[in-house]
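Student: Sending over structure_27.txt (compact mmCIF, C-alpha atoms).
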```txt
# COMPACT_ATOMS: atom_id res chain seq x y z
CA MET W 1276 0.00 0.00 0.00
CA ASN W 1277 2.90 2.26 0.71
CA TRP W 1278 4.11 2.07 -2.85
CA LEU W 1279 0.71 3.22 -4.10
CA ASN W 1280 0.72 6.07 -1.68
CA ALA W 1281 4.23 6.98 -2.77
CA LEU W 1282 3.20 6.70 -6.39
CA SER W 1283 0.46 9.24 -6.00
CA LEU W 1284 2.85 11.64 -4.27
CA TRP W 1285 5.62 11.15 -6.81
CA ILE W 1286 3.72 11.07 -10.04
CA VAL W 1287 3.27 14.80 -10.66
CA PRO W 1288 6.81 15.91 -9.69
CA MET W 1289 8.30 13.05 -11.72
CA LEU W 1290 6.15 13.97 -14.70
CA LEU W 1291 7.31 17.55 -14.38
CA LEU W 1292 10.95 16.45 -14.17
CA THR W 1293 10.59 14.29 -17.27
CA VAL W 1294 9.08 17.16 -19.23
CA ILE W 1295 11.82 19.58 -18.17
CA VAL W 1296 14.67 17.15 -18.83
CA HIS W 1297 13.28 16.29 -22.24
CA ALA W 1298 12.87 19.97 -23.09
CA ALA W 1299 16.47 20.58 -22.02
CA LEU W 1300 17.71 17.73 -24.19
CA LYS W 1301 15.79 19.09 -27.16
CA LYS W 1302 16.97 22.63 -26.38
CA ILE W 1303 13.42 23.99 -26.09
CA PRO W 1304 12.90 27.32 -24.28
CA ALA W 1305 10.78 25.59 -21.63
CA TYR W 1306 9.75 28.63 -19.63
CA ASP W 1307 8.55 30.59 -22.66
CA SER W 1308 6.70 27.52 -23.83
CA PHE W 1309 5.05 27.10 -20.42
CA VAL W 1310 3.87 30.71 -20.34
CA GLU W 1311 2.61 30.51 -23.90
CA GLY W 1312 0.60 27.37 -23.17
CA GLY W 1313 -0.71 28.55 -19.81
CA LYS W 1314 -2.14 31.78 -21.19
CA ASP W 1315 -5.41 30.14 -22.16
CA GLY W 1316 -5.93 28.64 -18.73
CA PHE W 1317 -7.34 31.72 -17.05
CA GLN W 1318 -9.78 32.47 -19.83
CA LEU W 1319 -10.86 28.87 -19.91
CA ALA W 1320 -11.54 28.65 -16.18
CA VAL W 1321 -13.37 31.98 -16.05
CA SER W 1322 -15.53 31.09 -19.04
CA LEU W 1323 -16.86 28.16 -17.03
CA ILE W 1324 -18.32 30.32 -14.27
CA PRO W 1325 -21.85 30.85 -15.67
CA TYR W 1326 -22.25 27.18 -16.54
CA LEU W 1327 -21.13 25.94 -13.16
CA VAL W 1328 -23.07 28.57 -11.22
CA GLY W 1329 -26.24 27.58 -13.06
CA MET W 1330 -25.74 23.88 -12.51
CA MET W 1331 -24.58 24.01 -8.92
CA VAL W 1332 -27.37 26.36 -7.83
CA ALA W 1333 -29.92 23.98 -9.33
CA ILE W 1334 -28.33 20.98 -7.63
CA SER W 1335 -28.14 22.60 -4.21
CA VAL W 1336 -31.74 23.85 -4.46
CA PHE W 1337 -32.82 20.34 -5.36
CA ARG W 1338 -30.90 18.86 -2.47
CA GLU W 1339 -31.79 21.39 0.23
CA SER W 1340 -35.49 21.43 -0.62
CA GLY W 1341 -35.78 17.78 0.29
CA ALA W 1342 -36.73 16.88 -3.27
CA MET W 1343 -33.66 14.72 -3.59
CA GLU W 1344 -34.64 12.69 -0.56
CA LEU W 1345 -38.13 12.20 -1.96
CA LEU W 1346 -36.67 11.01 -5.24
CA LEU W 1347 -34.32 8.63 -3.46
CA ASP W 1348 -37.16 7.24 -1.36
CA ALA W 1349 -39.22 6.68 -4.49
CA VAL W 1350 -36.49 4.94 -6.47
CA GLU W 1351 -34.97 2.94 -3.64
CA PRO W 1352 -37.52 0.08 -3.52
CA VAL W 1353 -37.11 -0.48 -7.25
CA LEU W 1354 -33.35 -0.69 -7.04
CA VAL W 1355 -33.47 -2.88 -3.94
CA LEU W 1356 -35.79 -5.18 -5.84
CA ILE W 1357 -33.21 -5.74 -8.58
CA GLY W 1358 -30.53 -6.50 -6.00
CA VAL W 1359 -28.84 -3.20 -5.18
CA PRO W 1360 -27.96 -3.09 -1.46
CA ALA W 1361 -30.21 -0.47 0.20
CA ASP W 1362 -27.30 1.38 1.83
CA ILE W 1363 -25.64 2.02 -1.48
CA VAL W 1364 -28.70 3.31 -3.38
CA PRO W 1365 -28.28 7.02 -2.51
CA LEU W 1366 -24.63 6.95 -3.56
CA ALA W 1367 -25.46 5.25 -6.85
CA LEU W 1368 -28.06 7.90 -7.63
CA ILE W 1369 -26.01 10.92 -6.56
CA ARG W 1370 -22.83 9.85 -8.33
CA PRO W 1371 -23.76 11.17 -11.82
CA ILE W 1372 -25.21 14.43 -10.46
CA SER W 1373 -22.85 15.78 -7.85
CA GLY W 1374 -19.20 14.88 -7.39
CA THR W 1375 -18.75 16.51 -3.99
CA GLY W 1376 -22.08 15.08 -2.85
CA ALA W 1377 -20.99 11.59 -3.82
CA LEU W 1378 -17.61 12.01 -2.17
CA GLY W 1379 -19.27 13.07 1.08
CA MET W 1380 -21.70 10.20 0.90
CA MET W 1381 -18.93 7.70 0.25
CA SER W 1382 -16.99 8.99 3.26
CA ASP W 1383 -20.12 8.66 5.41
CA LEU W 1384 -20.67 5.09 4.27
CA ILE W 1385 -17.05 4.19 4.96
CA ALA W 1386 -17.18 5.85 8.37
CA GLU W 1387 -20.40 4.03 9.24
CA HIS W 1388 -19.65 0.56 7.93
CA GLY W 1389 -15.85 0.55 8.00
CA PRO W 1390 -13.59 0.67 4.94
CA ASP W 1391 -13.12 -3.09 4.84
CA SER W 1392 -16.80 -4.03 5.06
CA PHE W 1393 -18.80 -5.09 2.03
CA ILE W 1394 -20.55 -1.72 1.84
CA GLY W 1395 -17.27 0.13 2.36
CA ARG W 1396 -15.58 -1.70 -0.48
CA LEU W 1397 -18.59 -1.34 -2.72
CA ALA W 1398 -18.82 2.40 -2.07
CA SER W 1399 -15.10 2.80 -2.79
CA THR W 1400 -15.30 0.87 -6.03
CA MET W 1401 -18.36 2.77 -7.16
CA GLN W 1402 -16.81 6.12 -6.39
CA GLY W 1403 -13.64 5.25 -8.28
CA SER W 1404 -15.24 3.71 -11.31
CA THR W 1405 -17.44 6.48 -12.69
CA ASP W 1406 -17.17 10.22 -12.98
CA THR W 1407 -19.77 12.91 -12.37
CA THR W 1408 -21.51 12.89 -15.73
CA LEU W 1409 -23.35 16.17 -15.27
CA TYR W 1410 -20.13 17.96 -14.26
CA VAL W 1411 -18.15 16.58 -17.20
CA LEU W 1412 -20.89 17.60 -19.63
CA THR W 1413 -21.27 21.06 -18.08
CA ILE W 1414 -17.56 21.80 -18.12
CA TYR W 1415 -16.48 20.33 -21.46
CA PHE W 1416 -19.41 21.48 -23.54
CA GLY W 1417 -19.78 24.75 -21.64
CA ALA W 1418 -16.22 25.87 -22.27
CA ALA W 1419 -16.41 25.02 -25.94
CA GLY W 1420 -19.79 26.69 -26.39
CA ILE W 1421 -21.66 23.59 -27.48
CA LYS W 1422 -25.40 24.14 -27.08
CA SER W 1423 -26.92 20.98 -28.41
CA ILE W 1424 -25.32 18.01 -26.71
CA GLY W 1425 -26.99 15.27 -28.73
CA ASP W 1426 -26.89 11.86 -27.14
CA ALA W 1427 -24.03 12.69 -24.76
CA LEU W 1428 -26.16 12.71 -21.62
CA LYS W 1429 -27.82 9.39 -22.41
CA VAL W 1430 -24.44 7.82 -23.12
CA GLY W 1431 -23.02 9.18 -19.87
CA LEU W 1432 -25.91 8.03 -17.71
CA PHE W 1433 -25.91 4.61 -19.31
CA ALA W 1434 -22.21 4.29 -18.58
CA ASP W 1435 -22.91 5.24 -14.95
CA ALA W 1436 -25.60 2.59 -14.67
CA VAL W 1437 -23.26 -0.05 -16.06
CA GLY W 1438 -20.51 1.12 -13.72
CA VAL W 1439 -22.82 0.73 -10.71
CA ALA W 1440 -23.99 -2.69 -11.83
CA ALA W 1441 -20.45 -3.84 -12.55
CA SER W 1442 -19.23 -2.60 -9.16
CA ILE W 1443 -21.93 -4.52 -7.33
CA ILE W 1444 -21.33 -7.73 -9.27
CA ILE W 1445 -17.54 -7.61 -8.99
CA VAL W 1446 -17.38 -6.68 -5.32
CA THR W 1447 -19.95 -9.38 -4.52
CA LEU W 1448 -17.98 -12.00 -6.44
CA LEU W 1449 -14.58 -11.05 -5.03
CA PHE W 1450 -15.28 -10.12 -1.44
CA LEU W 1451 -18.37 -12.01 -0.33
CA MET G 1296 -31.57 17.79 -22.73
CA VAL G 1297 -29.56 19.64 -20.10
CA HIS G 1298 -32.20 22.39 -20.23
CA TYR G 1299 -34.81 19.98 -19.02
CA ILE G 1300 -32.67 18.62 -16.23
CA TRP G 1301 -31.82 22.11 -15.11
CA MET G 1302 -35.42 23.30 -15.12
CA PHE G 1303 -36.49 20.07 -13.45
CA LEU G 1304 -33.98 20.40 -10.61
CA LEU G 1305 -34.87 24.04 -9.92
CA GLY G 1306 -38.62 23.77 -10.49
CA VAL G 1307 -39.18 20.59 -8.54
CA GLY G 1308 -36.82 21.80 -5.81
CA ILE G 1309 -38.66 25.07 -5.24
CA ILE G 1310 -42.12 23.48 -5.41
CA THR G 1311 -41.05 20.77 -2.95
CA ALA G 1312 -39.77 23.44 -0.60
CA MET G 1313 -43.18 25.14 -0.73
CA PHE G 1314 -44.78 22.03 0.66
CA ASN G 1315 -42.32 20.93 3.30
CA GLY G 1316 -41.41 24.32 4.65
CA ARG G 1317 -37.77 24.38 3.63
CA MET G 1318 -37.87 27.70 1.83
CA GLU G 1319 -35.25 29.17 4.12
CA GLU G 1320 -32.78 26.38 3.34
CA VAL G 1321 -33.53 26.75 -0.36
CA SER G 1322 -32.96 30.47 -0.46
CA GLU G 1323 -29.67 29.93 1.33
CA ALA G 1324 -28.81 27.12 -1.07
CA ILE G 1325 -29.18 29.40 -4.08
CA PHE G 1326 -26.37 31.66 -2.99
CA SER G 1327 -24.19 29.04 -1.39
CA GLY G 1328 -24.42 27.02 -4.59
CA ALA G 1329 -23.41 30.02 -6.67
CA GLU G 1330 -20.54 30.78 -4.34
CA GLU G 1331 -19.34 27.19 -4.42
CA ALA G 1332 -19.36 27.22 -8.22
CA VAL G 1333 -17.29 30.40 -8.44
CA ALA G 1334 -14.85 29.04 -5.87
CA LEU G 1335 -14.55 25.89 -7.96
CA CYS G 1336 -13.81 27.91 -11.10
CA PHE G 1337 -11.15 29.94 -9.33
CA GLY G 1338 -9.63 26.73 -8.11
CA LEU G 1339 -9.58 25.56 -11.70
CA ILE G 1340 -7.57 28.59 -12.85
CA SER G 1341 -4.36 27.41 -11.21
CA VAL G 1342 -4.84 23.85 -12.39
CA MET G 1343 -5.61 24.85 -15.96
CA VAL G 1344 -2.78 27.34 -16.32
CA PHE G 1345 -0.33 24.87 -14.86
CA TRP G 1346 -1.31 21.81 -16.89
CA LEU G 1347 -1.79 23.66 -20.16
CA GLY G 1348 1.66 25.20 -19.67
CA ILE G 1349 3.32 21.86 -18.98
CA MET G 1350 1.40 20.31 -21.83
CA ASN G 1351 2.71 22.97 -24.20
CA ILE G 1352 6.32 22.21 -23.27
CA ALA G 1353 5.72 18.50 -23.78
CA LYS G 1354 4.10 19.21 -27.12
CA THR G 1355 6.91 21.43 -28.40
CA SER G 1356 9.65 19.08 -27.28
CA GLY G 1357 7.94 16.08 -28.81
CA LEU G 1358 7.63 14.26 -25.49
CA LEU G 1359 3.86 14.14 -25.85
CA ASP G 1360 4.15 12.06 -29.01
CA ILE G 1361 6.37 9.56 -27.23
CA PHE G 1362 4.00 9.44 -24.25
CA THR G 1363 0.88 8.84 -26.26
CA LYS G 1364 2.36 6.54 -28.88
CA GLY G 1365 0.88 3.38 -27.38
CA LEU G 1366 -2.62 4.80 -27.25
CA ARG G 1367 -2.56 6.41 -30.66
CA PRO G 1368 -3.71 3.43 -32.78
CA ALA G 1369 -6.67 2.88 -30.45
CA ALA G 1370 -7.57 6.56 -30.44
CA VAL G 1371 -7.43 6.78 -34.22
CA ARG G 1372 -9.98 4.00 -34.42
CA LEU G 1373 -12.18 5.48 -31.71
CA PHE G 1374 -12.17 8.88 -33.37
CA PRO G 1375 -12.31 8.11 -37.09
CA GLU G 1376 -13.42 11.63 -37.99
CA ILE G 1377 -10.34 13.29 -36.59
CA PRO G 1378 -7.23 13.35 -38.79
CA PRO G 1379 -4.46 11.55 -36.86
CA ASP G 1380 -2.16 14.58 -37.07
CA HIS G 1381 -4.77 17.15 -36.03
CA PRO G 1382 -4.10 18.97 -32.73
CA ALA G 1383 -7.42 17.60 -31.43
CA MET G 1384 -5.92 14.11 -31.46
CA GLY G 1385 -3.02 15.27 -29.29
CA TYR G 1386 -5.40 16.71 -26.72
CA ILE G 1387 -7.58 13.62 -26.76
CA LEU G 1388 -4.56 11.41 -26.17
CA SER G 1389 -3.30 13.53 -23.30
CA ASN G 1390 -6.81 13.61 -21.82
CA ILE G 1391 -6.96 9.81 -21.85
CA THR G 1392 -3.41 9.48 -20.51
CA ALA G 1393 -4.09 11.90 -17.65
CA ASN G 1394 -7.28 10.02 -16.76
CA LEU G 1395 -5.45 6.70 -16.75
CA MET G 1396 -2.83 8.07 -14.40
CA GLY G 1397 -5.53 9.32 -12.06
CA LEU G 1398 -4.66 12.97 -12.75
CA GLY G 1399 -8.26 14.13 -13.01
CA ASN G 1400 -7.39 17.80 -12.79
CA ALA G 1401 -4.90 17.51 -15.63
CA ALA G 1402 -7.45 15.68 -17.75
CA THR G 1403 -9.99 18.50 -17.56
CA PRO G 1404 -8.08 21.26 -19.42
CA MET G 1405 -6.94 18.75 -22.06
CA GLY G 1406 -10.51 17.59 -22.54
CA ILE G 1407 -11.79 21.14 -22.95
CA LYS G 1408 -9.05 21.92 -25.46
CA ALA G 1409 -9.91 18.74 -27.35
CA VAL G 1410 -13.60 19.69 -27.54
CA LYS G 1411 -12.65 23.17 -28.78
CA GLU G 1412 -10.49 21.70 -31.53
CA MET G 1413 -13.25 19.26 -32.46
CA LYS G 1414 -15.63 22.17 -32.74
CA LYS G 1415 -13.34 23.72 -35.35
CA LEU G 1416 -13.37 20.42 -37.24
CA ASN G 1417 -17.16 20.48 -37.07
CA ASP G 1418 -17.40 23.84 -38.91
CA ASP G 1419 -17.85 25.70 -35.62
CA LYS G 1420 -21.35 24.40 -35.20
CA ASP G 1421 -22.75 24.62 -31.68
CA GLU G 1422 -23.96 21.05 -31.64
CA ALA G 1423 -22.00 18.09 -30.37
CA SER G 1424 -20.20 16.08 -33.04
CA ARG G 1425 -19.78 12.34 -33.00
CA SER G 1426 -16.21 12.56 -31.72
CA MET G 1427 -17.22 14.90 -28.90
CA ILE G 1428 -19.79 12.41 -27.67
CA THR G 1429 -17.20 9.64 -27.81
CA LEU G 1430 -14.80 11.74 -25.75
CA MET G 1431 -17.59 12.46 -23.25
CA ALA G 1432 -18.32 8.76 -23.04
CA LEU G 1433 -14.69 8.02 -22.21
CA ASN G 1434 -14.58 10.76 -19.60
CA THR G 1435 -17.85 10.07 -17.82
CA ALA G 1436 -16.90 6.43 -17.57
CA SER G 1437 -13.55 7.69 -16.25
CA LEU G 1438 -11.06 5.04 -17.23
CA THR G 1439 -8.80 5.17 -14.17
CA LEU G 1440 -6.00 2.87 -13.13
CA VAL G 1441 -5.33 4.34 -9.69
CA PRO G 1442 -8.27 5.99 -7.88
CA THR G 1443 -6.07 8.13 -5.63
CA THR G 1444 -8.80 10.07 -3.78
CA VAL G 1445 -10.66 6.94 -2.79
CA ILE G 1446 -7.47 5.29 -1.54
CA ALA G 1447 -6.66 8.36 0.54
CA ILE G 1448 -10.13 8.35 2.15
CA ARG G 1449 -9.92 4.63 2.92
CA MET G 1450 -6.56 5.20 4.51
CA ASN G 1451 -8.04 7.96 6.66
CA TYR G 1452 -10.65 5.59 8.02
CA GLY G 1453 -8.03 3.04 8.97
CA SER G 1454 -8.50 0.46 6.27
CA ALA G 1455 -6.29 -2.60 6.59
CA ALA G 1456 -5.81 -2.59 2.84
CA PRO G 1457 -6.69 0.80 1.37
CA ALA G 1458 -5.65 -0.16 -2.15
CA GLU G 1459 -7.47 -3.49 -2.31
CA ILE G 1460 -10.24 -1.79 -4.28
CA VAL G 1461 -7.86 -0.95 -7.15
CA GLY G 1462 -8.58 -4.27 -8.83
CA THR G 1463 -12.34 -4.07 -8.52
CA THR G 1464 -12.28 -0.43 -9.64
CA ILE G 1465 -10.28 -1.25 -12.77
CA ILE G 1466 -12.70 -4.02 -13.71
CA ALA G 1467 -15.76 -1.86 -13.02
CA THR G 1468 -14.32 1.10 -14.88
CA ALA G 1469 -13.37 -1.12 -17.82
CA CYS G 1470 -16.97 -2.41 -17.95
CA SER G 1471 -18.47 1.06 -17.86
CA THR G 1472 -16.02 2.36 -20.46
CA ALA G 1473 -16.73 -0.55 -22.78
CA ALA G 1474 -20.46 -0.06 -22.28
CA ALA G 1475 -20.14 3.68 -22.91
CA LEU G 1476 -18.29 3.09 -26.17
CA CYS G 1477 -20.83 0.51 -27.31
CA ILE G 1478 -23.83 2.70 -26.55
CA ASP G 1479 -22.04 5.65 -28.15
CA ARG G 1480 -21.61 3.60 -31.33
CA PHE G 1481 -25.19 2.42 -31.12
CA PHE G 1482 -26.54 5.97 -30.87
CA TYR G 1483 -24.27 7.09 -33.71
CA TYR G 1484 -25.59 4.47 -36.11
CA ARG G 1485 -29.13 5.19 -34.98
CA ARG G 1486 -28.61 8.89 -35.80
CA LEU G 1487 -27.23 7.91 -39.20
CA ARG G 1488 -30.25 5.75 -39.93
CA LYS G 1489 -32.64 8.49 -38.85
CA ARG G 1490 -30.91 11.03 -41.04
CA LYS G 1491 -31.13 8.69 -44.00
CA GLY G 1492 -34.80 8.20 -43.32
CA TYR G 1493 -35.46 11.91 -43.71
CA THR G 1494 -33.70 12.40 -47.04
```
Take the structure in the file and give it back as structure tokens.

Tutor:
Amino acid sequence: MNWLNALSLWIVPMLLLTVIVHAALKKIPAYDSFVEGGKDGFQLAVSLIPYLVGMMVAISVFRESGAMELLLDAVEPVLVLIGVPADIVPLALIRPISGTGALGMMSDLIAEHGPDSFIGRLASTMQGSTDTTLYVLTIYFGAAGIKSIGDALKVGLFADAVGVAASIIIVTLLFL
Amino acid sequence: MVHYIWMFLLGVGIITAMFNGRMEEVSEAIFSGAEEAVALCFGLISVMVFWLGIMNIAKTSGLLDIFTKGLRPAAVRLFPEIPPDHPAMGYILSNITANLMGLGNAATPMGIKAVKEMKKLNDDKDEASRSMITLMALNTASLTLVPTTVIAIRMNYGSAAPAEIVGTTIIATACSTAAALCIDRFFYYRRLRKRKGYT
């Protein structure tokens, strides 16, 4: 486990070192090149503000009003019926909508059940195996000014559903 | 599609609040949500400037080509509409590489750049092209080899084996990625058929 921990600490600095050494070998003016490339970054991040404000306001209104709970309560029996453990249902449903929400929920589940319990492992796997679809769509298409997103949302949500199903099946097979 | 989700979240949220007396929480949530979003964007500035800068060095020195060589044949097949030498391909490859390494915040600027380049390829239309949807599919399924955040949280809660979920995560993420690519292809051919039907 220590090597994985070390890996995550080392990866960025090592990447940076590799880039710099390679640039030096190729005699590239690395600093100028960095500044040139980084110029767009500010613009890009600022251009995301309206998209993210819109989306995150809607999500927090939905959550704080209690509507999210109602939705979860309504969907839960259906998911439990097809074999999704009841504890994991809220996480599975929040995952595509809110990244921070899902992260908080995963931490709660791990705190409550223990990291090495079935639920703890399942929550971890689920969290790691899909990304927040709504966030990805908002950011990528927002920044590029794409208005009509076609089938992207359906594709993303379908991938989330498969990710959830796969997590449950795999964790059940391996750890139960 | 996003319009409907957005209106649904806000509309249903406010109406629900009317009935269960949570209007105060909701009116707080409006501004805390907005504040959170702006804070997130400002956080992204540093990340984007940094990674786009590094990426530019790697691109000029040719390191990027070496890095992404292994993935290139696969990417060329996944994105048949993008010429292999087009800058969009470079951004796509670095987006996938960053995701694989678990560098989510490096993947984001590369992904945005890739979508921008794809938009140019798509005559600057404001609708999503086939390649954009494929890239989305890859990113929402998040093909990750090392889920660093999850491992860190497990460690915090005193797991005996924080990284034991790496294996299950890789399998699950591979399943969702494969499924995303299949459904992406399915929708693409369905669109083609529909379009043919009209003409």

Student: Leaving out W:Leu1300 and any residue of its chain fewer than 4 positions from it, which residues lie within 9 Å of it when counting all atoms listed in the file, given as a list of chain:residue names?

Tutor: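 So the residues in contact are W:Ile1295, W:Val1296, G:Ser1356.
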
Student: So, with only C-alpha atoms as the atoms that count, which of W:Tyr1410, W:Trp1285, W:Phe1393, W:Phe1416 lies closest to W:Met1331?

Tutor: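 Nearest to W:Met1331: W:Tyr1410.
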
Student: Show me, as a ChimeraX atom specification, the residues that have an atom within 12 Å of stretch 1291-1293 of chain W when counting only C-alpha atoms, minus same-chain residues fewer than 4 positions from it.

Tutor: /W:1285-1287,1297-1300,1305,1309 /G:1345-1346,1348-1350,1352-1353,1356-1359,1361-1362

Student: If we count only C-alpha atoms and set the cut-off at 7 Å, which residues sit around G:Ala1332, ignoring sequence neighbours fewer than 4 positions away in its own chain? Please answer as a list in words.

Tutor: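 Near G:Ala1332, the qualifying residues are Ile1324, Leu1327, Val1328 and Met1331 of chain W; Gly1328 and Cys1336 of chain G.
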
Student: With only C-alpha atoms as the counted atoms, please give the residues lying no more than 9 Å from W:Ser1335, apart from itself and same-chain residues fewer than 2 positions off, as JSON, numbers by chain.

Tutor: {"W": [1330, 1331, 1332, 1333, 1337, 1338, 1339, 1340], "G": [1304, 1305, 1308, 1321, 1324, 1325, 1327, 1328]}

Student: Fewer than 6 positions away in the same chain doesn't count, so skip those; otherwise give me all residues within 8 Å of W:Phe1433, counting all atoms listed in the file, as a ChimeraX atom specification.

Tutor: /G:1474-1475,1478

Student: Based on the selection just made, write C-alpha atoms of those residues as a compact mmCIF listing (two decimals), keeping the file's coordinate frame.

Tutor:
```
# COMPACT_ATOMS: atom_id res chain seq x y z
CA ALA G 1474 -20.46 -0.06 -22.28
CA ALA G 1475 -20.14 3.68 -22.91
CA ILE G 1478 -23.83 2.70 -26.55
```

Student: Between atom CA of G:Ser1424 and atom CA of G:Leu1339, what is the distance, to one decimal in Å?

Tutor: 25.7 Å

Student: Between G:Ile1377, G:Ile1391, G:Ala1401, G:Ala1436, which residue has the minimum interatomic distance to chain W, considering all atoms listed in the file?

Tutor: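 Between G:Ile1377, G:Ile1391, G:Ala1401, G:Ala1436, the residue approaching chain W most closely is G:Ala1436.
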
Student: Considering only C-alpha atoms, state which residue in the set W:Ala1367, W:Ile1334, W:Met1380, W:Ala1349 is at the smallest distance from W:Asp1435.

Tutor: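 Closest to W:Asp1435, using only C-alpha atoms: W:Ala1367.
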
Student: In Å, with one decimal, what is the gap from atom CA of G:Thr1363 to atom CA of G:Val1461?

Tutor: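 Pair atom CA of G:Thr1363 / atom CA of G:Val1461 returns 23.2 Å.
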
Student: Please compute the atom CA of G:Tyr1452-atom CA of W:Val1359 distance, one decimal, in Å.

Tutor: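 Atom-to-atom, atom CA of G:Tyr1452 to atom CA of W:Val1359, that is 24.1 Å.
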
Student: Can you work out which one of W:Val1364, W:Leu1384, W:Leu1347, W:Ile1421 has the shortest atom-to-atom distance to chain G, counting all atoms listed in the file?

Tutor: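 Smallest separation from chain G among the options: W:Ile1421.
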
Student: Return the single residue from G:Leu1388, G:Ile1340, G:Ala1383, G:Ile1310 that is closest to W:Leu1323, with distances computed using only C-alpha atoms.

Tutor: G:Ile1340

Student: So, counting all atoms listed in the file, which residue among G:Pro1382, G:Gly1462, G:Pro1442, G:Gly1399 is closest to chain W?

Tutor: G:Pro1442

Student: List as a PyMOL selection string the residues having at least one atom at most 10 Å from position (-8.8, 16.9, -14.9) as given in the file, counting only C-alpha atoms.

Tutor: (chain W and resi 1411) or (chain G and resi 1339+1342-1343+1346+1390+1393-1394+1397-1407+1434)

Student: Counting all atoms listed in the file, find residues at most 10 Å from (-8.2, 23.4, -26.4) (file frame) and give them as a VMD selection string.

Tutor: (chain W and resid 1315 to 1316 1319 1418 to 1419) or (chain G and resid 1347 1382 to 1383 1386 to 1387 1404 to 1414)
